[in-house]
file final08.json (JSON, C-alpha atoms and all ligand atoms)
[["chain", "number", "residue", "atom", "x", "y", "z"],
["A", 9, "MET", "CA", -9.56, 11.74, 19.73],
["A", 10, "ARG", "CA", -10.96, 11.57, 16.21],
["A", 11, "HIS", "CA", -8.46, 10.13, 13.75],
["A", 12, "ILE", "CA", -8.21, 8.72, 10.22],
["A", 13, "VAL", "CA", -6.71, 5.52, 8.85],
["A", 14, "PHE", "CA", -6.01, 5.55, 5.11],
["A", 15, "LEU", "CA", -5.67, 2.13, 3.50],
["A", 16, "SER", "CA", -4.63, 1.98, -0.13],
["A", 17, "GLY", "CA", -3.82, -0.45, -2.91],
["A", 18, "ALA", "CA", -2.41, -0.36, -6.41],
["A", 19, "GLY", "CA", -5.21, 1.94, -7.69],
["A", 20, "ILE", "CA", -3.89, 4.98, -5.81],
["A", 21, "SER", "CA", -0.67, 4.84, -7.84],
["A", 22, "ALA", "CA", -2.31, 4.07, -11.22],
["A", 23, "GLU", "CA", -2.47, 7.73, -12.26],
["A", 24, "SER", "CA", 1.24, 8.02, -11.52],
["A", 25, "GLY", "CA", 1.87, 5.42, -14.22],
["A", 26, "ILE", "CA", 2.30, 2.26, -12.13],
["A", 27, "SER", "CA", 0.06, -0.51, -13.39],
["A", 28, "THR", "CA", -2.37, -2.32, -11.08],
["A", 29, "PHE", "CA", -2.93, -6.06, -11.20],
["A", 30, "ARG", "CA", -6.06, -5.56, -13.22],
["A", 31, "ASP", "CA", -5.11, -2.96, -15.82],
["A", 32, "ALA", "CA", -5.59, -4.45, -19.26],
["A", 33, "GLY", "CA", -2.26, -4.48, -21.09],
["A", 34, "GLY", "CA", -0.41, -3.92, -17.81],
["A", 35, "LEU", "CA", 2.48, -5.69, -16.22],
["A", 36, "TRP", "CA", 0.40, -8.62, -15.02],
["A", 37, "ASP", "CA", -0.69, -9.55, -18.56],
["A", 38, "THR", "CA", 3.00, -10.14, -19.29],
["A", 39, "TYR", "CA", 3.96, -11.97, -16.10],
["A", 40, "ASN", "CA", 2.30, -14.79, -14.19],
["A", 41, "VAL", "CA", 2.16, -13.42, -10.68],
["A", 42, "MET", "CA", 3.15, -16.76, -9.10],
["A", 43, "ASP", "CA", 6.30, -16.91, -11.32],
["A", 44, "VAL", "CA", 7.65, -13.69, -9.89],
["A", 45, "CYS", "CA", 5.91, -12.95, -6.58],
["A", 46, "SER", "CA", 6.00, -16.23, -4.68],
["A", 47, "ALA", "CA", 8.39, -17.77, -2.18],
["A", 48, "GLU", "CA", 8.55, -20.90, -4.35],
["A", 49, "ALA", "CA", 9.57, -18.93, -7.45],
["A", 50, "PHE", "CA", 12.30, -17.21, -5.46],
["A", 51, "ARG", "CA", 13.66, -20.51, -4.18],
["A", 52, "SER", "CA", 13.74, -22.06, -7.63],
["A", 53, "ASN", "CA", 15.00, -19.04, -9.61],
["A", 54, "ARG", "CA", 16.46, -16.42, -7.32],
["A", 55, "GLN", "CA", 18.01, -14.18, -9.97],
["A", 56, "PHE", "CA", 14.87, -14.15, -12.15],
["A", 57, "VAL", "CA", 12.85, -12.79, -9.23],
["A", 58, "LEU", "CA", 15.57, -10.30, -8.22],
["A", 59, "ASP", "CA", 15.66, -9.07, -11.83],
["A", 60, "PHE", "CA", 11.89, -8.69, -11.94],
["A", 61, "TYR", "CA", 12.05, -6.36, -8.92],
["A", 62, "ASN", "CA", 15.16, -4.63, -10.31],
["A", 63, "LYS", "CA", 13.05, -3.63, -13.33],
["A", 64, "ARG", "CA", 10.20, -2.42, -11.11],
["A", 65, "ARG", "CA", 12.68, -0.42, -9.00],
["A", 66, "ARG", "CA", 14.24, 1.22, -12.07],
["A", 67, "GLU", "CA", 10.78, 2.12, -13.39],
["A", 68, "LEU", "CA", 9.97, 3.79, -10.10],
["A", 69, "ALA", "CA", 12.85, 6.27, -10.25],
["A", 70, "ASP", "CA", 11.06, 8.87, -12.40],
["A", 71, "LYS", "CA", 7.50, 8.29, -11.13],
["A", 72, "THR", "CA", 5.89, 11.14, -9.22],
["A", 73, "PRO", "CA", 3.07, 11.21, -6.68],
["A", 74, "ASN", "CA", -0.43, 12.28, -7.71],
["A", 75, "ALA", "CA", -3.14, 14.33, -6.02],
["A", 76, "ALA", "CA", -4.26, 11.39, -3.86],
["A", 77, "HIS", "CA", -0.80, 10.82, -2.35],
["A", 78, "ARG", "CA", -0.42, 14.56, -1.78],
["A", 79, "MET", "CA", -3.86, 14.83, -0.16],
["A", 80, "ILE", "CA", -2.80, 12.36, 2.55],
["A", 81, "ALA", "CA", 0.50, 14.17, 3.10],
["A", 82, "ASP", "CA", -1.34, 17.50, 3.43],
["A", 83, "LEU", "CA", -3.77, 16.08, 6.01],
["A", 84, "GLN", "CA", -0.88, 14.62, 8.01],
["A", 85, "ARG", "CA", 0.79, 18.04, 8.11],
["A", 86, "GLU", "CA", -2.46, 19.76, 9.08],
["A", 87, "PHE", "CA", -3.47, 17.22, 11.74],
["A", 88, "PRO", "CA", -0.27, 15.80, 13.29],
["A", 89, "ASP", "CA", -0.61, 12.30, 14.78],
["A", 90, "ARG", "CA", -4.23, 11.96, 13.68],
["A", 91, "VAL", "CA", -3.75, 10.57, 10.17],
["A", 92, "LEU", "CA", -2.24, 7.10, 9.80],
["A", 93, "ASN", "CA", -1.27, 5.95, 6.32],
["A", 94, "ILE", "CA", -1.23, 2.21, 5.55],
["A", 95, "THR", "CA", -0.65, 0.84, 2.08],
["A", 96, "GLN", "CA", -0.35, -2.45, 0.26],
["A", 97, "ASN", "CA", 1.87, -0.71, -2.27],
["A", 98, "ILE", "CA", 5.58, -1.25, -2.56],
["A", 99, "ASP", "CA", 6.30, 1.97, -4.44],
["A", 100, "ASP", "CA", 7.73, 5.09, -2.77],
["A", 101, "LEU", "CA", 5.18, 7.66, -3.93],
["A", 102, "PHE", "CA", 3.89, 8.41, -0.43],
["A", 103, "GLU", "CA", 7.42, 9.16, 0.70],
["A", 104, "LYS", "CA", 7.98, 11.35, -2.35],
["A", 105, "ALA", "CA", 4.73, 13.19, -1.52],
["A", 106, "GLY", "CA", 5.97, 13.88, 2.02],
["A", 107, "CYS", "CA", 3.82, 11.37, 3.95],
["A", 108, "GLN", "CA", 5.20, 10.41, 7.35],
["A", 109, "GLY", "CA", 5.31, 6.98, 8.97],
["A", 110, "THR", "CA", 3.63, 5.09, 6.13],
["A", 111, "ILE", "CA", 3.15, 1.42, 6.94],
["A", 112, "HIS", "CA", 3.98, -0.67, 3.87],
["A", 113, "LEU", "CA", 2.19, -3.96, 4.50],
["A", 114, "HIS", "CA", 3.96, -5.69, 1.63],
["A", 115, "GLY", "CA", 7.39, -4.10, 1.93],
["A", 116, "GLU", "CA", 9.23, -1.49, -0.11],
["A", 117, "LEU", "CA", 10.99, -1.65, -3.46],
["A", 118, "THR", "CA", 13.62, 0.88, -2.39],
["A", 119, "LYS", "CA", 14.87, -1.25, 0.51],
["A", 120, "ALA", "CA", 16.86, -4.49, 0.77],
["A", 121, "ARG", "CA", 16.79, -7.11, 3.50],
["A", 122, "CYS", "CA", 19.35, -9.58, 4.83],
["A", 123, "GLU", "CA", 17.97, -13.10, 4.93],
["A", 124, "VAL", "CA", 20.40, -14.03, 7.71],
["A", 125, "CYS", "CA", 20.06, -11.24, 10.31],
["A", 126, "GLY", "CA", 16.89, -9.49, 9.08],
["A", 127, "HIS", "CA", 18.56, -6.08, 8.75],
["A", 128, "ILE", "CA", 16.68, -3.74, 6.39],
["A", 129, "TRP", "CA", 18.31, -0.79, 4.62],
["A", 130, "LYS", "CA", 17.69, 1.73, 1.84],
["A", 131, "ILE", "CA", 19.05, 0.99, -1.61],
["A", 132, "GLY", "CA", 17.13, 3.61, -3.60],
["A", 133, "TYR", "CA", 16.75, 2.58, -7.24],
["A", 134, "ALA", "CA", 19.88, 0.39, -7.45],
["A", 135, "ASP", "CA", 19.74, -3.17, -8.80],
["A", 136, "LEU", "CA", 20.32, -6.20, -6.59],
["A", 137, "VAL", "CA", 22.72, -8.42, -8.52],
["A", 138, "GLY", "CA", 22.90, -11.25, -6.00],
["A", 139, "THR", "CA", 26.48, -10.69, -4.77],
["A", 140, "GLU", "CA", 25.78, -7.94, -2.21],
["A", 141, "HIS", "CA", 26.73, -8.34, 1.44],
["A", 142, "CYS", "CA", 24.65, -7.25, 4.41],
["A", 143, "PRO", "CA", 26.19, -4.05, 5.87],
["A", 144, "LEU", "CA", 25.53, -5.39, 9.37],
["A", 145, "CYS", "CA", 26.34, -9.12, 9.50],
["A", 146, "LYS", "CA", 28.23, -9.30, 6.16],
["A", 147, "ALA", "CA", 26.27, -12.35, 4.94],
["A", 148, "ALA", "CA", 25.86, -12.61, 1.17],
["A", 149, "ARG", "CA", 22.12, -13.32, 1.36],
["A", 150, "VAL", "CA", 20.63, -10.01, 0.33],
["A", 151, "ARG", "CA", 17.15, -9.85, -1.18],
["A", 152, "HIS", "CA", 14.36, -7.42, -2.06],
["A", 153, "HIS", "CA", 12.35, -6.18, 0.94],
["A", 154, "ILE", "CA", 9.01, -7.30, -0.44],
["A", 155, "VAL", "CA", 6.48, -9.76, 0.89],
["A", 156, "MET", "CA", 5.73, -12.43, -1.70],
["A", 157, "PHE", "CA", 2.93, -14.99, -1.72],
["A", 158, "ASN", "CA", 3.41, -17.65, 0.97],
["A", 159, "GLU", "CA", 5.66, -15.42, 3.05],
["A", 160, "GLN", "CA", 5.01, -13.78, 6.39],
["A", 161, "ALA", "CA", 3.83, -10.18, 6.45],
["A", 162, "PRO", "CA", 4.88, -8.86, 9.87],
["A", 163, "GLU", "CA", 3.39, -5.41, 9.34],
["A", 164, "TYR", "CA", -0.10, -6.91, 9.35],
["A", 165, "MET", "CA", 0.02, -6.73, 13.17],
["A", 166, "ARG", "CA", 0.09, -2.96, 12.91],
["A", 167, "LEU", "CA", -2.79, -3.01, 10.44],
["A", 168, "TYR", "CA", -4.97, -5.04, 12.83],
["A", 169, "GLU", "CA", -4.07, -2.71, 15.70],
["A", 170, "ALA", "CA", -5.06, 0.28, 13.58],
["A", 171, "VAL", "CA", -8.35, -1.34, 12.55],
["A", 172, "GLU", "CA", -9.20, -2.13, 16.17],
["A", 173, "GLY", "CA", -8.25, 1.42, 17.09],
["A", 174, "LEU", "CA", -10.90, 2.72, 14.69],
["A", 175, "GLY", "CA", -13.53, 1.27, 16.96],
["A", 176, "VAL", "CA", -12.18, 2.67, 20.25],
["A", 177, "ASN", "CA", -14.78, 5.19, 21.42],
["A", 178, "ARG", "CA", -16.09, 5.04, 17.83],
["A", 179, "GLU", "CA", -13.74, 7.86, 16.87],
["A", 180, "GLY", "CA", -12.18, 6.54, 13.67],
["A", 181, "LEU", "CA", -12.67, 7.21, 9.97],
["A", 182, "LEU", "CA", -11.42, 4.58, 7.51],
["A", 183, "VAL", "CA", -10.61, 5.72, 3.97],
["A", 184, "VAL", "CA", -9.99, 2.91, 1.47],
["A", 185, "ILE", "CA", -8.49, 3.91, -1.90],
["A", 186, "GLY", "CA", -7.69, 1.82, -4.96],
["A", 187, "THR", "CA", -7.91, -1.76, -3.78],
["A", 188, "SER", "CA", -9.94, -4.65, -5.14],
["A", 189, "GLY", "CA", -10.46, -6.09, -1.65],
["A", 190, "LEU", "CA", -9.16, -9.48, -2.79],
["A", 191, "VAL", "CA", -6.12, -9.40, -0.51],
["A", 192, "LEU", "CA", -7.54, -7.45, 2.45],
["A", 193, "PRO", "CA", -11.14, -7.70, 3.75],
["A", 194, "VAL", "CA", -11.63, -3.93, 3.68],
["A", 195, "GLU", "CA", -15.36, -4.24, 4.10],
["A", 196, "GLU", "CA", -14.85, -6.02, 7.43],
["A", 197, "PHE", "CA", -12.43, -3.30, 8.51],
["A", 198, "ALA", "CA", -15.02, -0.63, 7.69],
["A", 199, "ARG", "CA", -17.41, -2.12, 10.24],
["A", 200, "TYR", "CA", -15.09, -1.02, 13.06],
["A", 201, "ALA", "CA", -15.07, 2.65, 12.07],
["A", 202, "LEU", "CA", -17.55, 5.37, 12.93],
["A", 203, "TYR", "CA", -17.48, 6.40, 9.26],
["A", 204, "SER", "CA", -15.84, 4.95, 6.18],
["A", 205, "ILE", "CA", -15.12, 6.06, 2.63],
["A", 206, "LEU", "CA", -14.42, 3.81, -0.37],
["A", 207, "ASN", "CA", -12.81, 5.00, -3.60],
["A", 208, "ASN", "CA", -12.23, 2.67, -6.52],
["A", 209, "LEU", "CA", -12.53, 3.01, -10.27],
["A", 210, "GLU", "CA", -15.56, 0.74, -10.29],
["A", 211, "PRO", "CA", -17.54, -1.53, -7.90],
["A", 212, "GLN", "CA", -15.59, -4.63, -6.84],
["A", 213, "GLU", "CA", -17.07, -8.10, -6.41],
["A", 214, "ALA", "CA", -15.18, -8.61, -3.16],
["A", 215, "ILE", "CA", -16.45, -5.40, -1.54],
["A", 216, "ASP", "CA", -20.01, -4.77, -0.35],
["A", 217, "ASP", "CA", -20.05, -0.98, -0.67],
["A", 218, "ARG", "CA", -23.25, -0.69, 1.39],
["A", 219, "VAL", "CA", -21.07, -1.09, 4.46],
["A", 220, "PHE", "CA", -19.29, 2.20, 3.67],
["A", 221, "SER", "CA", -20.73, 5.59, 4.62],
["A", 222, "VAL", "CA", -19.67, 7.04, 1.25],
["A", 223, "HIS", "CA", -18.38, 5.48, -1.96],
["A", 224, "MET", "CA", -16.78, 7.24, -4.90],
["A", 225, "TYR", "CA", -16.26, 5.37, -8.17],
["A", 226, "GLU", "CA", -13.79, 7.55, -10.00],
["A", 227, "LYS", "CA", -10.06, 8.13, -10.33],
["A", 228, "ALA", "CA", -8.31, 8.65, -7.00],
["A", 229, "GLY", "CA", -6.92, 11.97, -8.27],
["A", 230, "ASP", "CA", -10.48, 13.22, -8.91],
["A", 231, "ALA", "CA", -11.82, 11.85, -5.63],
["A", 232, "ALA", "CA", -8.93, 13.29, -3.58],
["A", 233, "PRO", "CA", -10.27, 16.85, -3.13],
["A", 234, "LYS", "CA", -13.68, 15.49, -2.09],
["A", 235, "ILE", "CA", -12.11, 13.03, 0.34],
["A", 236, "ALA", "CA", -10.06, 15.90, 1.79],
["A", 237, "VAL", "CA", -13.22, 17.94, 2.45],
["A", 238, "LEU", "CA", -14.88, 15.01, 4.25],
["A", 239, "ALA", "CA", -11.69, 14.19, 6.17],
["A", 240, "ARG", "CA", -11.31, 17.76, 7.46],
["A", 241, "ARG", "CA", -14.98, 17.90, 8.40],
["A", 242, "PHE", "CA", -14.63, 14.63, 10.31],
["A", 243, "LEU", "CA", -11.46, 15.64, 12.16],
["A", 244, "ASN", "CA", -13.11, 18.93, 13.14],
["A", 245, "GLY", "CA", -15.99, 17.01, 14.75],
["A", 246, "GLY", "CA", -18.51, 17.06, 11.90],
["A", 247, "GLU", "CA", -20.60, 14.27, 10.42],
["A", 248, "ILE", "CA", -20.12, 12.40, 7.13],
["A", 249, "SER", "CA", -22.86, 11.03, 4.92],
["B", 1, "LIG", "P1", -5.66, -4.59, -7.60],
["B", 1, "LIG", "O1", -4.82, -4.43, -8.82],
["B", 1, "LIG", "O2", -6.16, -5.93, -7.24],
["B", 1, "LIG", "O3", -6.92, -3.62, -7.71],
["B", 1, "LIG", "C1", -6.78, -2.30, -8.11],
["B", 1, "LIG", "C2", -7.96, -1.51, -7.61],
["B", 1, "LIG", "O4", -7.71, -0.15, -7.86],
["B", 1, "LIG", "C3", -9.29, -1.86, -8.29],
["B", 1, "LIG", "O5", -10.26, -1.93, -7.28],
["B", 1, "LIG", "C4", -9.55, -0.65, -9.21],
["B", 1, "LIG", "O6", -10.93, -0.31, -9.27],
["B", 1, "LIG", "C5", -8.83, 0.44, -8.49],
["B", 1, "LIG", "N1", -8.28, 1.48, -9.37],
["B", 1, "LIG", "C6", -7.63, 1.35, -10.54],
["B", 1, "LIG", "N2", -7.26, 2.55, -11.01],
["B", 1, "LIG", "C7", -7.70, 3.46, -10.09],
["B", 1, "LIG", "C8", -7.63, 4.86, -9.99],
["B", 1, "LIG", "N3", -7.03, 5.62, -10.93],
["B", 1, "LIG", "N4", -8.19, 5.46, -8.92],
["B", 1, "LIG", "C9", -8.82, 4.73, -7.96],
["B", 1, "LIG", "N5", -8.92, 3.40, -8.00],
["B", 1, "LIG", "C10", -8.35, 2.77, -9.05],
["B", 1, "LIG", "O7", -4.82, -3.94, -6.42],
["B", 1, "LIG", "P2", -4.73, -4.31, -4.90],
["B", 1, "LIG", "O8", -6.07, -4.53, -4.30],
["B", 1, "LIG", "O9", -3.85, -3.27, -4.32],
["B", 1, "LIG", "O10", -4.00, -5.74, -4.85],
["B", 1, "LIG", "C11", -2.87, -6.00, -5.61],
["B", 1, "LIG", "C12", -1.61, -6.32, -4.80],
["B", 1, "LIG", "O11", -0.44, -6.03, -5.61],
["B", 1, "LIG", "C13", -1.42, -5.44, -3.60],
["B", 1, "LIG", "O12", -0.63, -6.10, -2.68],
["B", 1, "LIG", "C14", -0.66, -4.27, -4.21],
["B", 1, "LIG", "O13", 0.00, -3.49, -3.31],
["B", 1, "LIG", "C15", 0.30, -4.95, -5.15],
["B", 1, "LIG", "N6", 0.66, -4.02, -6.24],
["B", 1, "LIG", "C16", 1.31, -2.86, -5.88],
["B", 1, "LIG", "C17", 1.60, -1.91, -6.82],
["B", 1, "LIG", "C18", 2.31, -0.66, -6.35],
["B", 1, "LIG", "O14", 3.12, -0.72, -5.42],
["B", 1, "LIG", "N7", 2.03, 0.51, -6.92],
["B", 1, "LIG", "C19", 1.22, -2.10, -8.16],
["B", 1, "LIG", "C20", 0.58, -3.33, -8.51],
["B", 1, "LIG", "C21", 0.28, -4.28, -7.52]]

call {"tool": "encode", "arguments": {"input": "final08.json", "output": "structure tokens", "more": "lines below"}}
Ligand code: NAD
result
Amino acid sequence: MRHIVFLSGAGISAESGISTFRDAGGLWDTYNVMDVCSAEAFRSNRQFVLDFYNKRRRELADKTPNAAHRMIADLQREFPDRVLNITQNIDDLFEKAGCQGTIHLHGELTKARCEVCGHIWKIGYADLVGTEHCPLCKAARVRHHIVMFNEQAPEYMRLYEAVEGLGVNREGLLVVIGTSGLVLPVEEFARYALYSILNNLEPQEAIDDRVFSVHMYEKAGDAAPKIAVLARRFLNGGEIS
């Protein structure tokens, strides 16, 4: 059956006020990413890294989804089980928009994880102060549920399954929104799909947009209604060009 895989990055949440890696004057001008997002940094300064994510979690509390998040939620409601949502983002804007079953490849800010037993649970926007105990095994090794550099990303298995699924009977549409393509080879993924759509603010060095059936260089919120039209046409058996 025809189905869609959405794959997003930081750009989809930019209009909701969460800075991407590349925004001038954004978060990443202030922090060196390897000082706060790497396994080594966490080993050498645990509380500094926990505090960094505490700040991000607090900032998230009043952020609201934008038209692009809502567009995916609407399509999921309209076409149950035919719209899979995969994101690199750690924010909770898809959940706030009403998306179901979102796969967060790099974890979620609003969850904590026990380093001893692997249990994962919701913490909302609360800080992790380093003295918490796991509700399951009671160990005092509680951390943010976020994949940092040089750590395993178990959800990638589900991404690869979804990408392969795009090619089965050539019935899949891949929609890529707001990612520079530096972390994920989105252009390679697009080759599996019958059709593919790319939306970024501007062309990216790491992405050959000729591979995509359609590309839209504009804000995700502006592209969203156009993507929705193409998505509905595709799911109803039509062509995209
Ligand atoms: P990136 O910062 O490397 O690239 C951002 C991309 O989004 C660029 O291609 C840019 O053209 C595009 N973009 C910017 N504003 C946009 C808009 N309004 N509409 C559409 N596109 C827009 O992001 P990345 O490729 O996702 O890689 C960064 C890594 O850091 C990922 O793992 C990401 O999840 C993580 N990160 C997450 C968040 C979040 O959870 N919201 C924020 C920053 C970084």

call {"tool": "closest_atom_pairs", "arguments": {"input": "final08.json", "of": "chain A", "to": "ligand LIG 1 (chain B)", "cutoff": "9 Å", "atoms": "only C-alpha atoms and all ligand atoms", "output": "tab-separated table"}}
result
residue	atom	partner	partner_atom	distance
A:Ser16	CA	B:LIG1	O9	6.8
A:Gly17	CA	B:LIG1	O9	3.2
A:Ala18	CA	B:LIG1	O9	3.9
A:Gly19	CA	B:LIG1	O4	3.3
A:Ile20	CA	B:LIG1	N4	5.3
A:Ser21	CA	B:LIG1	N7	5.2
A:Ala22	CA	B:LIG1	N3	5.0
A:Glu23	CA	B:LIG1	N3	5.2
A:Ser24	CA	B:LIG1	N3	8.6
A:Gly25	CA	B:LIG1	N7	8.8
A:Ile26	CA	B:LIG1	N7	5.5
A:Ser27	CA	B:LIG1	C19	5.6
A:Thr28	CA	B:LIG1	O1	3.9
A:Phe29	CA	B:LIG1	O1	3.4
A:Arg30	CA	B:LIG1	O1	4.7
A:Asp31	CA	B:LIG1	O1	7.2
A:Leu35	CA	B:LIG1	C20	8.3
A:Trp36	CA	B:LIG1	C20	8.4
A:Ala76	CA	B:LIG1	N4	8.7
A:Thr95	CA	B:LIG1	O13	6.9
A:Gln96	CA	B:LIG1	O13	3.7
A:Asn97	CA	B:LIG1	O14	3.4
A:Ile98	CA	B:LIG1	O14	3.8
A:Asp99	CA	B:LIG1	O14	4.3
A:Asp100	CA	B:LIG1	O14	7.9
A:Leu101	CA	B:LIG1	N7	8.4
A:His112	CA	B:LIG1	O13	8.7
A:Leu113	CA	B:LIG1	O12	8.0
A:His114	CA	B:LIG1	O12	6.3
A:Glu116	CA	B:LIG1	O14	8.1
A:Leu117	CA	B:LIG1	O14	8.2
A:Val155	CA	B:LIG1	O12	8.8
A:Ile185	CA	B:LIG1	C9	6.1
A:Gly186	CA	B:LIG1	O4	3.5
A:Thr187	CA	B:LIG1	O8	3.4
A:Ser188	CA	B:LIG1	O5	3.5
A:Gly189	CA	B:LIG1	O8	5.4
A:Leu190	CA	B:LIG1	O8	6.0
A:Val191	CA	B:LIG1	O10	6.1
A:Leu192	CA	B:LIG1	O8	7.5
A:Asn207	CA	B:LIG1	C9	5.9
A:Asn208	CA	B:LIG1	N5	3.7
A:Leu209	CA	B:LIG1	O6	3.8
A:Glu210	CA	B:LIG1	O6	4.9
A:Pro211	CA	B:LIG1	O6	6.9
A:Gln212	CA	B:LIG1	O5	6.0
A:Met224	CA	B:LIG1	C9	8.9
A:Tyr225	CA	B:LIG1	C9	7.5
A:Glu226	CA	B:LIG1	C9	6.1
A:Lys227	CA	B:LIG1	N4	3.6
A:Ala228	CA	B:LIG1	N4	3.7
A:Gly229	CA	B:LIG1	N4	6.7
A:Asp230	CA	B:LIG1	N4	8.1
A:Ala231	CA	B:LIG1	N4	8.1

call {"tool": "residues_around", "arguments": {"input": "final08.json", "residues": "segment 46-55 of chain A", "least_positions_apart": "3", "cutoff": "7 Å", "atoms": "only C-alpha atoms", "output": "PyMOL selection string"}}
result
chain A and resi 42-43+58-59+138+156-159

call {"tool": "atom_distance", "arguments": {"input": "final08.json", "atom1": "atom CA of Glu179 of chain A", "atom2": "atom CA of Met79 of chain A"}}
result
20.9 Å

call {"tool": "atom_distance", "arguments": {"input": "final08.json", "atom1": "atom CA of Pro233 of chain A", "atom2": "atom CA of Gly180 of chain A"}}
result
19.8 Å

call {"tool": "closest_residue", "arguments": {"input": "final08.json", "among": "A:Thr118, A:Asn93, A:Asn62, A:Asn40", "to": "Leu167 of chain A", "atoms": "only C-alpha atoms"}}
result
A:Asn93

call {"tool": "residues_near_point", "arguments": {"input": "final08.json", "point": "(-15.6, 3.6, 8.7)", "cutoff": "7 Å", "atoms": "only C-alpha atoms", "output": "PyMOL selection string"}}
result
chain A and resi 180-182+198-205+220-221

call {"tool": "atom_distance", "arguments": {"input": "final08.json", "atom1": "atom CA of Asp135 of chain A", "atom2": "atom CA of Lys71 of chain A"}}
result
16.9 Å

call {"tool": "residues_around", "arguments": {"input": "final08.json", "residues": "Arg166 of chain A", "least_positions_apart": "3", "cutoff": "12 Å", "atoms": "all atoms listed in the file", "output": "ChimeraX atom specification"}}
result
/A:13,92-95,109-113,161-163,169-173

call {"tool": "closest_residue", "arguments": {"input": "final08.json", "among": "A:Tyr168, A:Val124, A:Ala236, A:Arg65", "to": "Val91 of chain A", "atoms": "only C-alpha atoms"}}
result
A:Ala236

call {"tool": "closest_residue", "arguments": {"input": "final08.json", "among": "A:His223, A:Lys63, A:Gly34, A:Arg10", "to": "Gly246 of chain A", "atoms": "all atoms listed in the file"}}
result
A:Arg10

call {"tool": "closest_residue", "arguments": {"input": "final08.json", "among": "A:Arg151, A:Ala81, A:Asp37, A:Arg90", "to": "Val137 of chain A", "atoms": "all atoms listed in the file"}}
result
A:Arg151

call {"tool": "closest_residue", "arguments": {"input": "final08.json", "among": "A:Ile215, A:Leu68, A:Cys45, A:Val183", "to": "Phe242 of chain A", "atoms": "all atoms listed in the file"}}
result
A:Val183

call {"tool": "closest_residue", "arguments": {"input": "final08.json", "among": "A:Val150, A:Ile235, A:Phe14, A:Pro88", "to": "Ile131 of chain A", "atoms": "only C-alpha atoms"}}
result
A:Val150
